[in-house]
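Presented below is the structure to which this report refers.
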Amino acid sequence: MDRKQEKGILLKIDTSIYSKDAIMETSYKFTNEYYIKIDFKNSICLIRITPKNCINDNINIKREFNNELVDQQIRYRLRNETTEIRNIIIKKAFSSFEDNEKKLNE
Amino acid sequence: MNKYKFLPFQFNRFGHNNVLLTNLVGEFIFLSNHDFNLLINHKVDRYQKIYQDLKSKQIITDNDIDLPIDMLSTKYRTKKSYLDEFTTLHMVVPTLRCNGNCIYCQVSSKDLEDHNCDMDKIIAKRIVEMIFHSPVRAIKIEFQGGEPLLNFEIVKFIICYAKKLNVLYQKNIEFVLCTNLILINEKILNFLKKHKVVISTSFDGPEEIHNYNRPLKNGNSYHLFLEKLEKTKNYLGKDYISALMTTTKRSIGNFKSIVDEYIQMGFHSIFFRIINPYGLAKREIFEMGYTIEDFVESYIEGLEYIIELNLHGTFFMEEYATLLLTRILTPFGIGFVDLQSPAGAGIECAIYNYNGDVYLSDEGRMLGEMGDKYFSLGNVQQDNFEKIFNNNFLRYVTANTYLETLPECNHCVYLPYCGADPVRNYLEQKDIIGNKVISTHCKKNRMILDYLFKIIKDNNNDVLDIFYSWVNRIPLEEIKLS
């Protein structure tokens, strides 16, 4: 593919800093107004972002994407830290319906 | 670094300088960017006020993990309490015939003499028996259409048969009749009063808008409606009748005058409803189409006007805001089908068409009338309760509308307040999950919630008092006196 002819911008993201999850979540968020092409090569992720409507606002889209990536990386970290507790809470929330009714009926 | 643990929460940037955080059950807190950075880097000092605020909102916990788990699981169960009450709302369509010609009608309106689309007693009987198989303690039977009064004999039959069966089942049973009121007369009102049937009608506001949106096949819609409304209120009492409006292009920019009409008619609330892209509405979408941004702009204008009225002593609510505020400001669940996760369609409500076909929602039925029976659950003449309400398709829809597991939704700060709309997603994107980034349902809810949280953040006590009066559904003066 001839990169010179491609529109939009190319971002290089260090995957030792940002997780794949964070990169995918961020990319998903931009799919309404941009075409997104993602390639993972070793520890670098290449993302080509092409506007759907021919308006090229390359500087701002880079900034917005990077900011969103930071937030998504935080979310990824928080998710990892809280998944186990979340599962316990939800399991406990749905497990006690039958138990309480049985106890009341005994 | 301070050793506190995170409890599950979502966040989003709110304006330039703030971050909004919500936990698993919808408790929320605003932080400055600075405090948020401290939080996520475990640098909030336990002696800071913000530390106690974050603990009380169950965003963080220190050593004791058992207590917050117990509290959050109890609150989560409360929020999802509708799952315990399987299929409370049963909508019945006695006929597709209608004397109206509403431009946004969601059914293929049949002519008045086409009795082939009337429900018969055999199907009606099967439907009532199916309804009573539902395990819930309280059921609501709601008549939709078409215009149900055009097959009032079946409406009467269903109500009477349901009451007869209920002698055995002893459920708490309510009846609602959705009608344009045009055919109402004393004999009908007598029956409705005797059986405590509540009326839900449609009223789109000032004469010019109402007549444009809801023309009758014969007569001036607005004047006839007002005449029948007055008669109904006098007979049944104003507590037995409510109205809602549907937004079209004519309504956009006119929400204030629509509210004024509602107040003049004696209503205490309004539901600013967005148009649904089904049935006739979809074919004429170019004529009445507007963007989500147009709708939300009018919505906010209407809501600000309603708040202003309340500040000047007129108790009047906007129903959609009230539903969202109930989620935001109280620990309780709500029974609104379109704001549930997993989707309320099928598990909280079902609709029985005139021919016995069962769909998981009225919108699913609309698609069926348009030729796409994707959301059909079965037919009461061939299928039993188990086959209709415990089938693989309903499980598939339920499993794929649990927002906590869906892309974009699972980390959305408004997750605890939002709900799935699988039929709209299917119609717009041919996929019940849908891409939330382009979803109109998502966009609308996000914009309205952004606005409500902006008001909450402003922390005007008078406005917050009004919100609490809406959530309690009683005027502010009565709350203050009690």
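Simple scheme: letters A, B, ... for chains in structure tokens order, numbers from 1 for residues in each chain, numbers from 1 for ligands in the order shown.
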task = Can you list, as number ranges by chain, all residues belonging to stretch 17-158 of chain B that DSSP tags as helix (DSSP H, G or I)?
result = B: 33-40, 49-56, 66-79, 81-83, 115-117, 121-131, 148-158
Shell around B:Asn218 at 10 Å using only C-alpha atoms, local window under 4 positions removed, as a PDB file with all heavy atoms, in the first residue's frame:
```
ATOM      1  N   ASN B  99     -59.695   5.088  13.991  1.00  0.00           N
ATOM      2  CA  ASN B  99     -60.431   6.207  13.408  1.00  0.00           C
ATOM      3  C   ASN B  99     -59.524   7.434  13.224  1.00  0.00           C
ATOM      4  O   ASN B  99     -59.987   8.482  12.792  1.00  0.00           O
ATOM      5  CB  ASN B  99     -61.639   6.577  14.278  1.00  0.00           C
ATOM      6  CG  ASN B  99     -61.221   6.853  15.724  1.00  0.00           C
ATOM      7  OD1 ASN B  99     -60.138   6.447  16.148  1.00  0.00           O
ATOM      8  ND2 ASN B  99     -62.065   7.525  16.474  1.00  0.00           N
ATOM      9  N   GLY B 100     -58.257   7.281  13.555  1.00  0.00           N
ATOM     10  CA  GLY B 100     -57.320   8.388  13.407  1.00  0.00           C
ATOM     11  C   GLY B 100     -56.393   8.147  12.233  1.00  0.00           C
ATOM     12  O   GLY B 100     -56.397   7.085  11.610  1.00  0.00           O
ATOM     13  N   ASN B 101     -55.584   9.150  11.936  1.00  0.00           N
ATOM     14  CA  ASN B 101     -54.652   9.076  10.811  1.00  0.00           C
ATOM     15  C   ASN B 101     -53.336   9.755  11.190  1.00  0.00           C
ATOM     16  O   ASN B 101     -52.779  10.535  10.410  1.00  0.00           O
ATOM     17  CB  ASN B 101     -55.291   9.804   9.621  1.00  0.00           C
ATOM     18  CG  ASN B 101     -54.958   9.113   8.332  1.00  0.00           C
ATOM     19  OD1 ASN B 101     -54.360   8.040   8.313  1.00  0.00           O
ATOM     20  ND2 ASN B 101     -55.345   9.729   7.236  1.00  0.00           N
TER      21      ASN B 101
END
```
Report as a PDB file with C-alpha atoms, in the first residue's frame the set of chain B residues whose atoms approach chain A to within 7 Å, with distances computed over only C-alpha atoms.
```
ATOM      1  CA  PHE B   6     -10.815   0.841  44.415  1.00  0.00           C
ATOM      2  CA  LEU B   7     -14.384  -0.346  44.258  1.00  0.00           C
ATOM      3  CA  PRO B   8     -15.860  -0.620  40.741  1.00  0.00           C
ATOM      4  CA  ILE B  69     -19.456  -5.579  49.203  1.00  0.00           C
ATOM      5  CA  LEU B  72     -23.214  -2.597  47.081  1.00  0.00           C
ATOM      6  CA  SER B  73     -24.718  -6.020  46.436  1.00  0.00           C
ATOM      7  CA  THR B  74     -27.893  -5.030  48.283  1.00  0.00           C
ATOM      8  CA  TYR B  76     -27.427  -3.554  43.052  1.00  0.00           C
ATOM      9  CA  ARG B  77     -30.171  -6.072  43.749  1.00  0.00           C
ATOM     10  CA  VAL B 437     -20.999   5.595  18.854  1.00  0.00           C
ATOM     11  CA  ILE B 438     -23.683   6.028  16.176  1.00  0.00           C
TER      12      ILE B 438
END
```
Among listed residues A:Asn67, A:Gln73, A:Asn53, A:Asn58, nearest A:Tyr35 (using only C-alpha atoms) = A:Asn53
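With only C-alpha atoms taken into account, the protein and nucleic acid residues at most 12 Å from B:Gln170 (excluding it and anything under 3 positions from it in its own chain) are Phe132, Pro135, Val136, Arg137, Ala138, Ile139, Ala162, Lys163, Lys164, Leu165, Asn166, Val167 and Ile173 of chain B.
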Using C-alpha atoms, can you export the residues from the last selection as a PDB file, in the first residue's frame?
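The resulting selection16.pdb:
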```
ATOM      1  CA  PHE B 132     -51.945 -15.467  34.464  1.00  0.00           C
ATOM      2  CA  PRO B 135     -45.214 -15.683  38.152  1.00  0.00           C
ATOM      3  CA  VAL B 136     -45.474 -12.043  39.281  1.00  0.00           C
ATOM      4  CA  ARG B 137     -47.691 -10.869  42.106  1.00  0.00           C
ATOM      5  CA  ALA B 138     -48.849  -7.758  40.236  1.00  0.00           C
ATOM      6  CA  ILE B 139     -49.843  -7.529  36.589  1.00  0.00           C
ATOM      7  CA  ALA B 162     -59.188 -11.623  33.915  1.00  0.00           C
ATOM      8  CA  LYS B 163     -61.097 -10.649  37.063  1.00  0.00           C
ATOM      9  CA  LYS B 164     -62.836 -14.018  37.049  1.00  0.00           C
ATOM     10  CA  LEU B 165     -59.505 -15.892  36.840  1.00  0.00           C
ATOM     11  CA  ASN B 166     -58.025 -13.620  39.493  1.00  0.00           C
ATOM     12  CA  VAL B 167     -60.448 -14.973  42.094  1.00  0.00           C
ATOM     13  CA  ILE B 173     -54.234  -6.465  38.754  1.00  0.00           C
TER      14      ILE B 173
END
```
key: Exercise: stretch 375-377 of chain B partners within 10 Å, only C-alpha atoms, chain neighbours under 6 positions left out, as a count of residues only   = 30
note = The residue from B:Leu83, B:Ser200, B:Lys457, B:Tyr4 with the smallest atom-to-atom distance to B:Lys43, counting only C-alpha atoms, is B:Tyr4
message = Env of A:Leu46: 9 Å cut, atoms = only C-alpha atoms, seq-sep filter 2 positions within chain, self excluded. Answer as an MDAnalysis selection string.
response = chainID A and resid 10:13 37:41 44 48
request  = Give me every strand (DSSP E) residue in stretch 62-294 of chain B, going by DSSP on the backbone, as a VMD selection string.
outcome  = chain B and resid 89 to 92 138 to 143 172 to 178 198 to 202 241 to 246 269 to 270 272 to 273
remark   = Closest of B:Val92, B:Ile141, B:Val155, B:Leu67 to B:Asn172, counting only C-alpha atoms, is B:Ile141
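Interatomic distance, atom CA of A:Cys45 to atom CA of A:Ala22: 11.7 Å.
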inquiry  = Residues near B:Gln10, anyone? I mean within 6 Å using only C-alpha atoms, not counting same-chain ones fewer than 6 positions away, as a PyMOL selection string.
reply    = chain B and resi 21-22+411+413
Write out the residues from the selection above, keeping C-alpha atoms, as a compact mmCIF listing (two decimals), in the first residue's frame.
```txt
# COMPACT_ATOMS: atom_id res chain seq x y z
CA LEU B 21 -17.45 9.42 38.76
CA THR B 22 -20.31 6.94 39.18
CA HIS B 411 -17.23 1.88 30.93
CA VAL B 413 -20.14 7.00 33.31
```
key: Residue contacts of B:His195 (10 Å, only C-alpha atoms) excluding same-chain residues fewer than 5 positions away, as a VMD selection string   = chain B and resid 156 159 to 160 163 174 to 175 189 to 190
Write to file, as a PDB file, in the first residue's frame, the residues of the selection just made, with N, CA and C atoms.
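Contents of the output file result31.pdb:
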```
ATOM      1  N   LYS B 156     -63.853  -5.448  27.040  1.00  0.00           N
ATOM      2  CA  LYS B 156     -64.717  -5.813  28.178  1.00  0.00           C
ATOM      3  C   LYS B 156     -64.552  -7.285  28.522  1.00  0.00           C
ATOM      4  N   ILE B 159     -61.222  -7.889  30.378  1.00  0.00           N
ATOM      5  CA  ILE B 159     -61.244  -7.378  31.750  1.00  0.00           C
ATOM      6  C   ILE B 159     -62.076  -8.303  32.642  1.00  0.00           C
ATOM      7  N   CYS B 160     -63.232  -8.671  32.179  1.00  0.00           N
ATOM      8  CA  CYS B 160     -64.115  -9.520  32.993  1.00  0.00           C
ATOM      9  C   CYS B 160     -63.534 -10.916  33.197  1.00  0.00           C
ATOM     10  N   LYS B 163     -60.631 -10.783  35.673  1.00  0.00           N
ATOM     11  CA  LYS B 163     -61.097 -10.649  37.063  1.00  0.00           C
ATOM     12  C   LYS B 163     -61.645 -11.981  37.571  1.00  0.00           C
ATOM     13  N   GLU B 174     -54.094  -4.451  37.427  1.00  0.00           N
ATOM     14  CA  GLU B 174     -54.491  -3.110  36.967  1.00  0.00           C
ATOM     15  C   GLU B 174     -54.787  -3.154  35.472  1.00  0.00           C
ATOM     16  N   PHE B 175     -55.664  -2.244  35.061  1.00  0.00           N
ATOM     17  CA  PHE B 175     -55.990  -2.147  33.639  1.00  0.00           C
ATOM     18  C   PHE B 175     -55.732  -0.725  33.140  1.00  0.00           C
ATOM     19  N   LEU B 189     -67.660   4.863  29.612  1.00  0.00           N
ATOM     20  CA  LEU B 189     -67.108   5.453  30.848  1.00  0.00           C
ATOM     21  C   LEU B 189     -67.652   4.743  32.084  1.00  0.00           C
ATOM     22  N   ASN B 190     -68.904   4.361  32.031  1.00  0.00           N
ATOM     23  CA  ASN B 190     -69.515   3.618  33.124  1.00  0.00           C
ATOM     24  C   ASN B 190     -68.755   2.328  33.409  1.00  0.00           C
TER      25      ASN B 190
END
```
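From atom CA of B:Glu404 back to atom CA of A:Ile23, the distance works out to 19.6 Å.
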